[in-house]
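Colleague: The following block contains the structure, expressed as structure tokens.
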Amino acid sequence: MIEALLIGLAAGVIAGLLGVGGGALFVPALTIGLGLSQLDAEATSLLAIIPVALVGAWRQHANANVDVRVGLALGAVAALGATGGVVLANAVPERALEVGFALLILFVAAQLVRRALSDGPGSTLSAADRS
Amino acid sequence: MLASRTLRLTAIGTVAGLFSGLFGVGGGVVIVPLLVLWLGFGEREATGTSLAAIAVIAAAATVVHGAYGNVHVSEGMFVGLPAVAGVIAGTQLQQRISTRAISLIFAAMLVVVAIHLLLP
């Protein structure tokens with residue numbers, strides 16, 4: 001339980017600092033740190049993302065950075081896509097999920113490097129923006 | 001134009017949802033760049049709007065995963081709730097320190113995790 005608290009806190013700090021949050025951090029933390037399977041870590045990561053995204057959206061809304069109509073429309077459409085994604089995740093071998101997730105975080109890493117090298121210090125997005 | 005905007009939003013939402021459900025991420029990695037490229041959003045507006053969408057997407061995906069019995073509720077809350085405090089702290093720190101080195105270190109960490117996953 002202490003590990004989970006520390007992992008969450010650390011993941012949140014990185015998300016707040018870099019604007020990359022949620023799943024890219026939670027999934028490996030849950031597999032490597034807490035020994036969950038890839039599938040269970042992904043499912044549990046989604047639960048952990050909810051409070052982070054809610055607080056982040058609330059803070060961004062205070063700064064007038066949220067187009068609420070577009071956000072809700074996207075969320076509604078994506079909820080259907082997500083249902084398909086979850087069904088697929090449960091149907092494919094766990095090895096395929098691991099490989100797909102590895103490619104996804106390589107892409108995130110490449111974006112971070114590109115941004116770090118092209119932007120000056122401090123020009124990052126705010127809180128958990130990419131969660 | 002209106003129809004094409006609706007089509008674009010539908011496409012973005014569908015792809016983001018699939019990514020989210022399949023890989024346990026929010027989908028911001030898909031939503032943010034596409035809102036900027038296809039709908040002309042500014043980066044901050046895109047990320048804020050993405051967060052609102054992610055709250056809905058993650059909730060839906062969690063419910064479906066829950067039906068499969070994959071969600072570890074206590075682990076999820078023990079990770080997610082301190083993460084909220086961490087995000088607020090990280091956002092404050094961001095104003096004061098250079099994030100370049102941290103970005104590169106974190107990117108390196110992700111590469112290590114990816115290699116760890118790819119190697120059998």
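Identifiers for the structure tokens are assigned positionally: chains receive A, B, ... in sequence, residues are indexed from 1 per chain, and ligands are indexed from 1 in the order shown.
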List as a list in words the protein and nucleic acid residues near B:Gly66, meaning an atom at most 12 Å away when only C-alpha atoms are counted, but skip any in the same chain fewer than 2 places from it.
Modeller: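 That gives Leu39, Asp40, Glu42, Ala43, Thr44, Ser45, Leu46, Leu47, Thr83, Val86, Val87 and Asn90 of chain A; Gly21, Ala58, Ala59, Ala60, Ala61, Thr62, Val63, Val64, Tyr68, Gly69, Asn70, Val71, His72, Val73 and Gly76 of chain B.
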Colleague: List the neighbours of A:Ala10 out to 12 Å using only C-alpha atoms; skip same-chain residues closer than 3 positions along the sequence, and give me the result as a ChimeraX atom specification.
Modeller: /A:3-7,13-17,21-22,25-26,29 /B:79-90,106
Colleague: Extract, using only C-alpha atoms, all DNA, RNA and protein residues at most 6 Å from A:Gly75, discarding same-chain residues fewer than 2 positions from it, and format them as a tab-separated table (two decimals) with N, CA and C atoms, in the first residue's frame.
Modeller:
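Saved file part_4.tsv follows:
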chain	number	residue	atom	x	y	z
A	72	LEU	N	-16.80	17.15	-24.16
A	72	LEU	CA	-17.84	16.16	-23.87
A	72	LEU	C	-18.23	15.36	-25.11
A	73	ALA	N	-18.25	16.04	-26.26
A	73	ALA	CA	-18.55	15.33	-27.50
A	73	ALA	C	-17.48	14.27	-27.79
A	77	VAL	N	-18.07	10.14	-27.89
A	77	VAL	CA	-17.68	9.30	-29.02
A	77	VAL	C	-16.61	8.30	-28.59
A	78	ALA	N	-15.64	8.80	-27.83
A	78	ALA	CA	-14.52	7.95	-27.42
A	78	ALA	C	-14.95	6.86	-26.46
A	79	ALA	N	-16.03	7.10	-25.72
A	79	ALA	CA	-16.51	6.06	-24.80
A	79	ALA	C	-16.88	4.80	-25.58
B	53	ALA	N	-12.25	15.37	-21.91
B	53	ALA	CA	-12.64	14.16	-22.65
B	53	ALA	C	-12.11	12.92	-21.94
B	56	VAL	N	-14.12	11.44	-19.11
B	56	VAL	CA	-15.26	10.64	-19.58
B	56	VAL	C	-14.78	9.29	-20.13
B	57	ILE	N	-13.72	9.33	-20.95
B	57	ILE	CA	-13.21	8.11	-21.59
B	57	ILE	C	-12.75	7.10	-20.55
Colleague: At a cut-off of 12 Å, using only C-alpha atoms, what residues contact B:Phe41? Leave out same-chain residues fewer than 2 positions from it and give the result as a count of residues only.
Modeller: 21
Colleague: Could you please determine the separation between atom CA of B:Val25 and atom CA of A:Val27 in Å, to one decimal place?
Modeller: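 Computed distance, atom CA of B:Val25 to atom CA of A:Val27, equals 8.1 Å.
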Colleague: Give the answer as one residue: which of A:Ala57, A:Ile105, A:Ala91, A:Ala116 has the shortest atom-to-atom distance to B:Met109, using only C-alpha atoms?
Modeller: A:Ile105
